2 protein chains.
Amino acid sequence: MTTSADRTVARPVTLADIARVAGTSASTASRALSGRGYVSEAARARLREAADRLGYVPNASARTLKQQTSRVVGVAVSDLGNQFYAGLAAGIEQTLREAEYQMVLVSDNSDRVQELACARTFLAMRAAGVIITPADSAAAALLARHGVDVVEVDRRLADVACDAVVIDNERGGRDATAHLLALGHRRIALLVAETDWTSDAGRRQGYRAAHEDAGVTVDHGLILPIRFHASDAEARIETLLDEAGPTAIFAANNLLAEQAWKVLRRRRLQLPHDMSLVAFDDVSWMTMVDPWITVVAQPTVEMGRRAARLLLRRADDPGSPPALVVLEPALIVRGSTGPPPAAGSV
Amino acid sequence: MTTSADRTVARPVTLADIARVAGTSASTASRALSGRGYVSEAARARLREAADRLGYVPNASARTLKQQTSRVVGVAVSDLGNQFYAGLAAGIEQTLREAEYQMVLVSDNSDRVQELACARTFLAMRAAGVIITPADSAAAALLARHGVDVVEVDRRLADVACDAVVIDNERGGRDATAHLLALGHRRIALLVAETDWTSDAGRRQGYRAAHEDAGVTVDHGLILPIRFHASDAEARIETLLDEAGPTAIFAANNLLAEQAWKVLRRRRLQLPHDMSLVAFDDVSWMTMVDPWITVVAQPTVEMGRRAARLLLRRADDPGSPPALVVLEPALIVRGSTGPPPAAGSV
DNA sequence: TAACGGTGTGGTTACGTTCCCACATCGCAC
DNA sequence: GTGCGATGTGGGAACGTAACCACACCGTTA
């Protein structure tokens, strides 16, 4: 007995099925539904109707196999749990969806092995392109060698020529540091990720440049490189405070800012009276704590959108030279920064 | 002239290429690399070597086409920009990656049209399964009709039988409300999403049940349903404060909590002296503001992991009955709740 | 009238993989 | 020595789509 429930296991409807129902060939059905090539209005209408009635869903794999390219874009970010990367992904997804592309999203923990595995997966899927926050140059190289377009976001690492979207990290670092120097600080601690990424290197460079501009010598004991998710991060910040005696802290990413802020709170240090703090990347908590945190804001979601747009543009115009989009960070001065405690005064 | 750079446009390597190099047939090459069926050690070694040397990457589309199923899981969440959904996605991605599945992630804005479009896309990709935070029952119905496994997360909406991962929302709402009632509050405002979702309905039901348990009648003027991303949310909260005169607020999701908190700060109301606040969903800012926010915490990432695991389990054992995983929320009492202001005292 | 371009259609093939089947060669037991 | 199962291999079909080609029919023009 056949009931409607039997349809739950029905074989997927194909072009051939529709063609049979509409009394045409599969070729005509393909042309009618894809809109390429000649089809009479009558045939098109019949085929459309049949497709609707049977619940036709085109088989993306068959299409990809035939056309040698898909509408899938691979995206690999360092840590989906971090608001910054989640925002990037949200921007990318939004733009891709509007262009009717799909996003395959992977969180690779900045691990080169996982990153390379992702690249291989994207290759296997014949991804139309890949957007990556690179931790290593190997993935981009592999993809480029197979002719897959790559866009690097947040930092640049590839040996090969490829599109990239970054912010002017040096300017961000410089603005933040100059702001503190202008307030009178001379001992500014720098908390920075322990990597060779261009993002952190740029911020570090900006920190140095601002000191040079102001004619202030940097005490290298004030610079503290910290690995991502290092369990001893807060302890090391404590040590820095004790040993290097800074009057201000510049935390070069939102995670380090959170950790620094927690240490300061634990020590009951008043912002900005006892210590000034500048963060990088304006996440929501920074305007919820008291005082609000002075910050170098980056247009996170917009970076994602731009990266996706670069990829889409290259799909249209494969020959165009590699584009580098540099977005501007914005220093937003809020309550967490002020003059240093007057040494020995009162 | 042929240079190494020419390889950038090389035709992808196929099984046939490898077979030719190793002196076998494509069938044997397939068996050797996929590990299914008989292959001599010698042949396997030769084929492995050839695959490595030529940089073979299997074509996922061809495989999917042939096998009629893929290693892709479709994931549709309401709003990737919200920490809660980002956490869900992170948990899902982690578990899928460990099982060597890929996640196609879409943010559908809780829009039924977009949600249905997503479902169609996942169908086209022959997704092995779909995980969704549903806004409408149509998507799950469509997928189920085509034999695609669906897991609902955070809320249940499907007419069809499918796996689901939720938390005990009623208990969460009840615990939060009972906590406030025990402190002596009798006028507790409820900020809740204006939907028919089981999540919010459950929290609302818990709110009511706690009142009943305590023998307190609910003033319906204290209940404020607010649409997601409503631009007038804060204004309506202000109005509620003025007109209904609550002594405590229970905000049934992290967005409403943020908005309520901002209104309270603007009014310079002291937590918990002038007003108590309980939030739902423990996001990072809640332990950064002063005082810390009392909250009903939900295991966000774990919910994602469990959802993915349900899907993977069903792939192994297609016949198993629909599973409903109910995780427990946890009331964490912190500084934002205390006794109500003593009416007319002092 | 013949040639021609535009329109419309269907047959066939190819994309790369897997899987079924046929077949061949063993060693071993009866 | 015949049968049989285990091992190993290759041929060929199939998955569903899109592209190419051949063809057939029109109306128009030389």
# chains A, B, ... in the order shown; residues from 1 in each chain; ligands from 1

$ calpha_fit_and_write --fixed "chain A" --moving "chain B" --output "compact mmCIF listing (two decimals) with C-alpha atoms, in the first residue's frame"
# COMPACT_ATOMS: atom_id res chain seq x y z
CA MET B 1 0.02 0.07 0.41
CA THR B 2 1.24 3.51 -0.51
CA THR B 3 0.65 6.35 1.85
CA SER B 4 1.84 9.90 1.69
CA ALA B 5 4.34 9.10 4.41
CA ASP B 6 6.17 6.86 1.95
CA ARG B 7 7.44 9.94 0.24
CA THR B 8 9.92 10.38 3.04
CA VAL B 9 12.14 7.80 1.37
CA ALA B 10 11.42 8.84 -2.21
CA ARG B 11 14.30 8.90 -4.63
CA PRO B 12 15.38 12.49 -5.29
CA VAL B 13 13.80 14.07 -8.35
CA THR B 14 16.15 14.59 -11.28
CA LEU B 15 16.05 16.59 -14.46
CA ALA B 16 15.20 13.41 -16.33
CA ASP B 17 12.09 12.94 -14.20
CA ILE B 18 10.92 16.44 -14.95
CA ALA B 19 11.67 16.07 -18.63
CA ARG B 20 9.63 12.88 -18.76
CA VAL B 21 6.66 14.54 -17.08
CA ALA B 22 6.84 17.60 -19.32
CA GLY B 23 7.45 15.58 -22.44
CA THR B 24 10.84 17.02 -23.32
CA SER B 25 14.44 15.88 -23.18
CA ALA B 26 16.71 16.35 -20.21
CA SER B 27 18.73 18.86 -22.22
CA THR B 28 15.74 21.11 -22.64
CA ALA B 29 14.86 20.74 -18.99
CA SER B 30 18.35 21.83 -18.05
CA ARG B 31 18.17 24.85 -20.32
CA ALA B 32 14.74 25.82 -19.07
CA LEU B 33 15.65 25.74 -15.40
CA SER B 34 19.15 27.15 -15.65
CA GLY B 35 18.13 29.86 -18.09
CA ARG B 36 20.97 29.24 -20.52
CA GLY B 37 20.21 28.60 -24.19
CA TYR B 38 17.04 28.57 -26.25
CA VAL B 39 13.79 27.25 -24.80
CA SER B 40 10.30 28.08 -25.99
CA GLU B 41 8.03 29.82 -23.56
CA ALA B 42 5.61 26.92 -23.64
CA ALA B 43 8.26 24.34 -22.80
CA ARG B 44 9.73 26.50 -20.10
CA ALA B 45 6.34 26.93 -18.44
CA ARG B 46 5.60 23.20 -18.57
CA LEU B 47 9.02 22.36 -17.11
CA ARG B 48 8.77 24.97 -14.38
CA GLU B 49 5.40 23.62 -13.41
CA ALA B 50 6.65 20.04 -13.38
CA ALA B 51 9.69 21.00 -11.30
CA ASP B 52 7.50 22.74 -8.74
CA ARG B 53 5.03 19.93 -8.59
CA LEU B 54 7.66 17.23 -8.11
CA GLY B 55 9.67 19.32 -5.67
CA TYR B 56 12.80 19.36 -7.77
CA VAL B 57 16.04 20.35 -6.06
CA PRO B 58 19.07 20.53 -8.34
CA ASN B 59 21.98 18.33 -7.34
CA ALA B 60 24.83 20.65 -6.44
CA SER B 61 27.43 17.88 -6.67
CA ALA B 62 26.52 16.95 -10.18
CA ARG B 63 26.60 20.57 -11.18
CA THR B 64 29.95 21.14 -9.50
CA LEU B 65 31.38 18.03 -11.06
CA LYS B 66 30.32 19.12 -14.51
CA GLN B 67 31.22 22.78 -14.20
CA GLN B 68 34.45 22.18 -12.34
CA THR B 69 33.62 24.90 -9.86
CA SER B 70 31.21 25.33 -6.99
CA ARG B 71 29.40 28.10 -5.20
CA VAL B 72 31.09 27.23 -1.94
CA VAL B 73 33.66 29.44 -0.29
CA GLY B 74 35.93 27.99 2.36
CA VAL B 75 36.54 30.12 5.42
CA ALA B 76 39.13 29.28 8.04
CA VAL B 77 39.41 31.48 11.12
CA SER B 78 41.62 31.11 14.16
CA ASP B 79 39.00 30.88 16.88
CA LEU B 80 35.28 31.03 16.32
CA GLY B 81 34.77 31.52 20.06
CA ASN B 82 36.47 34.93 19.91
CA GLN B 83 34.11 37.80 19.16
CA PHE B 84 36.54 39.25 16.67
CA TYR B 85 36.63 36.16 14.48
CA ALA B 86 32.92 35.54 14.93
CA GLY B 87 32.32 39.07 13.67
CA LEU B 88 34.57 38.46 10.68
CA ALA B 89 32.69 35.27 9.87
CA ALA B 90 29.37 37.08 10.20
CA GLY B 91 30.46 39.73 7.71
CA ILE B 92 31.75 37.16 5.27
CA GLU B 93 28.63 35.04 5.53
CA GLN B 94 26.34 37.99 4.97
CA THR B 95 28.03 39.07 1.76
CA LEU B 96 28.34 35.55 0.43
CA ARG B 97 24.70 34.78 1.13
CA GLU B 98 23.60 37.88 -0.76
CA ALA B 99 25.60 36.62 -3.75
CA GLU B 100 24.13 33.15 -3.31
CA TYR B 101 27.35 31.55 -2.27
CA GLN B 102 27.69 29.22 0.71
CA MET B 103 30.25 29.44 3.48
CA VAL B 104 32.04 26.37 4.81
CA LEU B 105 33.42 27.57 8.11
CA VAL B 106 36.28 26.01 10.01
CA SER B 107 37.96 27.09 13.22
CA ASP B 108 41.57 26.00 12.95
CA ASN B 109 43.02 27.15 16.29
CA SER B 110 45.87 28.85 14.43
CA ASP B 111 47.36 25.40 14.06
CA ARG B 112 49.33 24.91 10.86
CA VAL B 113 48.46 21.24 10.61
CA GLN B 114 44.76 21.87 10.96
CA GLU B 115 45.01 24.82 8.63
CA LEU B 116 46.59 22.68 5.96
CA ALA B 117 43.96 20.01 6.45
CA CYS B 118 41.29 22.67 5.94
CA ALA B 119 42.95 23.80 2.74
CA ARG B 120 42.92 20.24 1.48
CA THR B 121 39.23 19.93 2.32
CA PHE B 122 38.44 23.15 0.46
CA LEU B 123 40.42 21.83 -2.47
CA ALA B 124 38.43 18.60 -2.41
CA MET B 125 35.20 20.58 -2.47
CA ARG B 126 36.46 22.58 -5.45
CA ALA B 127 35.73 25.72 -3.46
CA ALA B 128 35.27 28.83 -5.57
CA GLY B 129 37.67 30.56 -3.20
CA VAL B 130 39.04 30.60 0.31
CA ILE B 131 39.15 33.28 2.98
CA ILE B 132 41.60 32.69 5.75
CA THR B 133 43.12 34.29 8.82
CA PRO B 134 46.47 32.66 8.20
CA ALA B 135 48.78 31.22 10.82
CA ASP B 136 51.17 29.82 8.26
CA SER B 137 51.95 30.38 4.61
CA ALA B 138 51.63 26.73 3.55
CA ALA B 139 47.85 26.68 3.21
CA ALA B 140 47.69 29.68 0.89
CA ALA B 141 50.58 28.26 -1.14
CA LEU B 142 48.83 24.92 -1.57
CA LEU B 143 45.59 26.56 -2.60
CA ALA B 144 47.29 28.93 -5.02
CA ARG B 145 49.17 26.05 -6.60
CA HIS B 146 45.82 24.46 -7.41
CA GLY B 147 44.44 27.67 -8.82
CA VAL B 148 42.12 28.49 -5.93
CA ASP B 149 41.75 32.18 -5.10
CA VAL B 150 42.76 33.11 -1.59
CA VAL B 151 41.96 36.18 0.46
CA GLU B 152 43.89 36.75 3.65
CA VAL B 153 42.10 38.67 6.39
CA ASP B 154 43.41 40.39 9.50
CA ARG B 155 47.01 39.50 8.71
CA ARG B 156 49.22 38.75 5.73
CA LEU B 157 51.45 35.76 5.60
CA ALA B 158 51.36 34.27 2.13
CA ASP B 159 54.48 33.99 0.01
CA VAL B 160 52.28 33.93 -3.05
CA ALA B 161 50.49 36.98 -4.37
CA CYS B 162 46.92 37.09 -3.12
CA ASP B 163 44.21 39.51 -2.09
CA ALA B 164 44.17 40.69 1.49
CA VAL B 165 42.10 42.78 3.87
CA VAL B 166 43.83 44.21 6.88
CA ILE B 167 43.73 47.31 8.98
CA ASP B 168 46.56 49.76 9.36
CA ASN B 169 47.90 48.09 12.47
CA GLU B 170 50.91 50.31 12.75
CA ARG B 171 48.75 53.38 12.80
CA GLY B 172 46.50 51.76 15.39
CA GLY B 173 49.47 50.97 17.60
CA ARG B 174 50.94 54.39 17.03
CA ASP B 175 47.70 56.26 17.81
CA ALA B 176 47.15 54.30 20.99
CA THR B 177 50.69 54.81 22.18
CA ALA B 178 50.87 58.45 21.14
CA HIS B 179 47.67 59.10 23.08
CA LEU B 180 49.28 57.70 26.22
CA LEU B 181 52.54 59.55 25.63
CA ALA B 182 50.64 62.80 25.15
CA LEU B 183 48.99 62.27 28.50
CA GLY B 184 52.45 62.17 30.01
CA HIS B 185 53.05 58.44 30.34
CA ARG B 186 56.65 57.37 29.90
CA ARG B 187 56.45 53.75 31.02
CA ILE B 188 53.85 52.09 28.80
CA ALA B 189 53.53 48.32 28.93
CA LEU B 190 52.76 46.52 25.68
CA LEU B 191 50.83 43.25 25.84
CA VAL B 192 51.04 41.56 22.47
CA ALA B 193 50.48 38.13 20.97
CA GLU B 194 53.58 35.99 20.74
CA THR B 195 53.49 35.41 16.99
CA ASP B 196 55.14 36.60 13.84
CA TRP B 197 51.82 37.75 12.46
CA THR B 198 51.76 41.03 10.60
CA SER B 199 48.87 42.23 12.74
CA ASP B 200 50.75 42.10 16.01
CA ALA B 201 54.06 43.04 14.45
CA GLY B 202 52.37 46.15 13.04
CA ARG B 203 50.90 47.18 16.38
CA ARG B 204 54.26 46.61 18.00
CA GLN B 205 55.96 48.66 15.32
CA GLY B 206 53.46 51.46 15.90
CA TYR B 207 54.23 51.34 19.60
CA ARG B 208 57.92 51.75 18.84
CA ALA B 209 57.37 54.47 16.25
CA ALA B 210 55.26 56.55 18.61
CA HIS B 211 58.01 56.35 21.19
CA GLU B 212 60.57 57.44 18.63
CA ASP B 213 58.38 60.31 17.48
CA ALA B 214 58.17 61.47 21.08
CA GLY B 215 61.86 60.94 21.68
CA VAL B 216 61.18 58.41 24.41
CA THR B 217 63.37 55.34 24.75
CA VAL B 218 61.51 52.05 25.09
CA ASP B 219 62.39 49.83 28.02
CA HIS B 220 62.19 46.34 26.54
CA GLY B 221 61.15 44.99 29.90
CA LEU B 222 57.81 46.68 29.28
CA ILE B 223 57.02 44.51 26.26
CA LEU B 224 55.27 41.24 27.10
CA PRO B 225 54.57 38.74 24.33
CA ILE B 226 51.89 36.23 25.38
CA ARG B 227 50.75 33.13 23.56
CA PHE B 228 47.07 32.74 22.73
CA HIS B 229 45.14 31.03 25.50
CA ALA B 230 48.27 30.85 27.64
CA SER B 231 47.10 29.69 31.05
CA ASP B 232 49.66 31.85 32.84
CA ALA B 233 48.79 35.06 31.02
CA GLU B 234 47.37 36.86 34.04
CA ALA B 235 50.26 35.77 36.24
CA ARG B 236 52.73 37.13 33.75
CA ILE B 237 50.86 40.42 33.60
CA GLU B 238 51.05 40.59 37.40
CA THR B 239 54.78 40.02 37.22
CA LEU B 240 55.16 42.73 34.62
CA LEU B 241 53.32 45.21 36.81
CA ASP B 242 55.57 44.39 39.74
CA GLU B 243 58.86 44.34 37.92
CA ALA B 244 58.57 46.93 35.16
CA GLY B 245 56.36 49.43 36.97
CA PRO B 246 54.33 50.79 34.05
CA THR B 247 51.86 53.64 34.44
CA ALA B 248 49.82 52.56 31.44
CA ILE B 249 49.03 49.40 29.51
CA PHE B 250 48.40 48.98 25.81
CA ALA B 251 46.79 45.59 25.19
CA ALA B 252 47.10 44.69 21.53
CA ASN B 253 44.06 42.43 21.28
CA ASN B 254 40.70 42.00 23.00
CA LEU B 255 41.71 38.86 24.89
CA LEU B 256 44.79 40.46 26.40
CA ALA B 257 42.72 43.52 27.26
CA GLU B 258 40.26 41.36 29.15
CA GLN B 259 43.04 39.66 31.05
CA ALA B 260 44.77 42.93 31.88
CA TRP B 261 41.51 44.46 33.01
CA LYS B 262 40.85 41.52 35.32
CA VAL B 263 44.28 41.82 36.86
CA LEU B 264 43.78 45.53 37.44
CA ARG B 265 40.42 44.93 39.06
CA ARG B 266 41.85 42.25 41.31
CA ARG B 267 44.50 44.71 42.44
CA ARG B 268 41.82 47.32 42.99
CA LEU B 269 43.70 49.76 40.80
CA GLN B 270 41.51 52.69 39.77
CA LEU B 271 41.27 53.44 36.07
CA PRO B 272 42.58 55.89 35.00
CA HIS B 273 43.83 57.30 38.31
CA ASP B 274 46.29 54.53 39.17
CA MET B 275 46.76 53.08 35.72
CA SER B 276 45.66 53.81 32.16
CA LEU B 277 44.49 51.11 29.77
CA VAL B 278 44.09 51.13 26.00
CA ALA B 279 42.63 48.10 24.28
CA PHE B 280 42.65 46.97 20.67
CA ASP B 281 39.33 45.89 19.11
CA ASP B 282 36.14 47.41 20.48
CA VAL B 283 34.05 44.54 21.87
CA SER B 284 30.84 44.97 23.80
CA TRP B 285 32.11 44.76 27.35
CA MET B 286 34.35 47.76 26.87
CA THR B 287 31.45 50.17 27.13
CA MET B 288 29.79 48.27 29.92
CA VAL B 289 32.54 48.37 32.49
CA ASP B 290 33.27 51.49 34.50
CA PRO B 291 35.05 53.50 33.29
CA TRP B 292 34.61 52.73 29.62
CA ILE B 293 37.76 51.51 27.92
CA THR B 294 39.73 53.67 25.54
CA VAL B 295 40.17 51.56 22.46
CA VAL B 296 41.49 51.24 18.95
CA ALA B 297 38.35 50.08 17.17
CA GLN B 298 38.51 47.98 14.05
CA PRO B 299 35.61 47.49 11.63
CA THR B 300 35.37 43.75 12.20
CA VAL B 301 32.24 42.89 10.28
CA GLU B 302 33.21 45.25 7.48
CA MET B 303 36.56 43.47 7.14
CA GLY B 304 34.67 40.24 6.56
CA ARG B 305 32.41 41.88 4.02
CA ARG B 306 35.32 43.36 2.14
CA ALA B 307 37.15 40.05 2.05
CA ALA B 308 34.11 38.34 0.59
CA ARG B 309 33.70 41.10 -1.94
CA LEU B 310 37.31 40.76 -3.05
CA LEU B 311 36.70 37.09 -3.68
CA LEU B 312 33.52 37.72 -5.63
CA ARG B 313 35.21 40.39 -7.69
CA ARG B 314 37.99 38.00 -8.59
CA ALA B 315 35.46 35.41 -9.68
CA ASP B 316 34.22 37.95 -12.22
CA ASP B 317 37.63 39.19 -13.25
CA PRO B 318 40.21 36.45 -12.67
CA GLY B 319 43.09 38.37 -14.14
CA SER B 320 43.08 41.41 -11.89
CA PRO B 321 46.23 42.09 -9.88
CA PRO B 322 46.25 41.22 -6.16
CA ALA B 323 44.35 43.82 -4.19
CA LEU B 324 45.29 44.96 -0.73
CA VAL B 325 42.50 46.62 1.21
CA VAL B 326 43.70 48.55 4.21
CA LEU B 327 40.95 49.75 6.51
CA GLU B 328 41.53 52.43 9.09
CA PRO B 329 41.32 51.74 12.80
CA ALA B 330 39.86 54.45 14.98
CA LEU B 331 41.14 55.53 18.36
CA ILE B 332 38.18 56.12 20.64
CA VAL B 333 39.20 57.94 23.77
CA ARG B 334 37.10 57.00 26.76
CA GLY B 335 37.46 56.92 30.49
CA SER B 336 40.21 54.37 31.03
CA THR B 337 43.02 56.73 30.09
CA GLY B 338 44.30 59.79 31.89
CA PRO B 339 47.51 61.36 33.09
CA PRO B 340 49.90 59.13 35.02
CA PRO B 341 49.90 59.32 38.81
CA ALA B 342 52.09 62.32 39.68
CA ALA B 343 55.26 60.63 40.85
CA GLY B 344 55.96 61.50 44.46
CA SER B 345 53.46 64.36 44.50
CA VAL B 346 51.00 65.12 47.33

$ interface_residues --of "chain C" --to "chain A" --cutoff "7 Å" --atoms "only C-alpha atoms (C1' of nucleotides)" --output "ChimeraX atom specification"
/C:7-8,10,15

$ select_by_dssp --residues "range 30-271 of chain A" --states "alpha helix (DSSP H)" --output "ChimeraX atom specification"
/A:30-34,41-54,60-67,83-98,112-124,138-145,169-182,198-214,233-244,254-266

$ closest_atom_pairs --of "chain D" --to "chain B" --cutoff "7 Å" --atoms "only C-alpha atoms (C1' of nucleotides)" --output "Markdown table"
| residue | atom | partner | partner_atom | distance |
| --- | --- | --- | --- | --- |
| D:DT7 | C1' | B:Tyr38 | CA | 7.0 |
| D:DG8 | C1' | B:Tyr38 | CA | 6.1 |
| D:DG10 | C1' | B:Ser25 | CA | 6.1 |
| D:DC15 | C1' | B:Lys66 | CA | 4.6 |

$ closest_residue --among "D:DC25, D:DC4, D:DC20, D:DA14" --to "DT12 in chain C" --atoms "only C-alpha atoms (C1' of nucleotides)"
D:DC20

$ atom_distance --atom1 "C1' of DC19 in chain C" --atom2 "C1' of DG16 in chain D"
17.3 Å

$ select_by_dssp --residues "range 63-263 of chain A" --states "strand (DSSP E)" --output "PDB file with C-alpha atoms, in the first residue's frame"
ATOM      1  CA  VAL A  72      31.087  27.268  -1.961  1.00  0.00           C
ATOM      2  CA  VAL A  73      33.663  29.480  -0.301  1.00  0.00           C
ATOM      3  CA  GLY A  74      35.921  28.028   2.350  1.00  0.00           C
ATOM      4  CA  VAL A  75      36.527  30.162   5.404  1.00  0.00           C
ATOM      5  CA  ALA A  76      39.115  29.308   8.042  1.00  0.00           C
ATOM      6  CA  VAL A  77      39.399  31.509  11.111  1.00  0.00           C
ATOM      7  CA  GLN A 102      27.698  29.267   0.680  1.00  0.00           C
ATOM      8  CA  MET A 103      30.247  29.476   3.462  1.00  0.00           C
ATOM      9  CA  VAL A 104      32.025  26.424   4.801  1.00  0.00           C
ATOM     10  CA  LEU A 105      33.408  27.609   8.103  1.00  0.00           C
ATOM     11  CA  VAL A 106      36.261  26.046  10.018  1.00  0.00           C
ATOM     12  CA  SER A 107      37.937  27.131  13.224  1.00  0.00           C
ATOM     13  CA  GLY A 129      37.665  30.601  -3.206  1.00  0.00           C
ATOM     14  CA  VAL A 130      39.038  30.638   0.305  1.00  0.00           C
ATOM     15  CA  ILE A 131      39.145  33.318   2.979  1.00  0.00           C
ATOM     16  CA  ILE A 132      41.599  32.725   5.749  1.00  0.00           C
ATOM     17  CA  VAL A 150      42.754  33.141  -1.571  1.00  0.00           C
ATOM     18  CA  VAL A 151      41.959  36.223   0.468  1.00  0.00           C
ATOM     19  CA  GLU A 152      43.888  36.790   3.654  1.00  0.00           C
ATOM     20  CA  VAL A 153      42.102  38.715   6.405  1.00  0.00           C
ATOM     21  CA  ASP A 163      44.220  39.536  -2.077  1.00  0.00           C
ATOM     22  CA  ALA A 164      44.171  40.719   1.504  1.00  0.00           C
ATOM     23  CA  VAL A 165      42.102  42.803   3.883  1.00  0.00           C
ATOM     24  CA  VAL A 166      43.839  44.241   6.887  1.00  0.00           C
ATOM     25  CA  ILE A 167      43.742  47.340   8.986  1.00  0.00           C
ATOM     26  CA  ILE A 188      53.882  52.070  28.811  1.00  0.00           C
ATOM     27  CA  ALA A 189      53.551  48.304  28.942  1.00  0.00           C
ATOM     28  CA  LEU A 190      52.775  46.521  25.689  1.00  0.00           C
ATOM     29  CA  LEU A 191      50.840  43.238  25.852  1.00  0.00           C
ATOM     30  CA  VAL A 192      51.051  41.567  22.494  1.00  0.00           C
ATOM     31  CA  ALA A 193      50.459  38.138  20.987  1.00  0.00           C
ATOM     32  CA  ILE A 223      57.038  44.493  26.278  1.00  0.00           C
ATOM     33  CA  LEU A 224      55.283  41.233  27.105  1.00  0.00           C
ATOM     34  CA  PRO A 225      54.564  38.716  24.345  1.00  0.00           C
ATOM     35  CA  ILE A 226      51.884  36.226  25.381  1.00  0.00           C
ATOM     36  CA  ALA A 248      49.866  52.540  31.457  1.00  0.00           C
ATOM     37  CA  ILE A 249      49.055  49.382  29.523  1.00  0.00           C
ATOM     38  CA  PHE A 250      48.434  48.981  25.823  1.00  0.00           C
ATOM     39  CA  ALA A 251      46.791  45.596  25.199  1.00  0.00           C
TER      40      ALA A 251
END

$ atom_distance --atom1 "C1' of DA22 in chain D" --atom2 "C1' of DG6 in chain C"
16.1 Å

$ decode --residues "range 7-25 of chain C" --atoms "C-alpha atoms (C1' of nucleotides)" --output "short mmCIF file (atom, residue, chain, number, x, y, z; two decimals), in the first residue's frame"
data_model
loop_
_atom_site.label_atom_id
_atom_site.label_comp_id
_atom_site.auth_asym_id
_atom_site.auth_seq_id
_atom_site.Cartn_x
_atom_site.Cartn_y
_atom_site.Cartn_z
"C1'" DT C 7 14.91 29.56 -32.90
"C1'" DG C 8 13.99 25.25 -30.74
"C1'" DT C 9 14.95 20.41 -29.64
"C1'" DG C 10 17.16 15.94 -28.48
"C1'" DG C 11 21.16 12.76 -28.48
"C1'" DT C 12 25.48 12.10 -26.68
"C1'" DT C 13 29.32 12.78 -23.97
"C1'" DA C 14 32.15 14.11 -20.09
"C1'" DC C 15 32.97 15.41 -15.30
"C1'" DG C 16 35.60 11.77 -11.20
"C1'" DT C 17 34.32 8.58 -8.25
"C1'" DT C 18 32.59 4.12 -6.45
"C1'" DC C 19 30.70 -0.26 -6.85
"C1'" DC C 20 29.19 -4.41 -8.96
"C1'" DC C 21 30.57 -8.03 -11.62
"C1'" DA C 22 33.58 -11.07 -14.15
"C1'" DC C 23 37.68 -13.24 -14.09
"C1'" DA C 24 42.22 -15.00 -12.67
"C1'" DT C 25 45.28 -17.05 -9.50
#
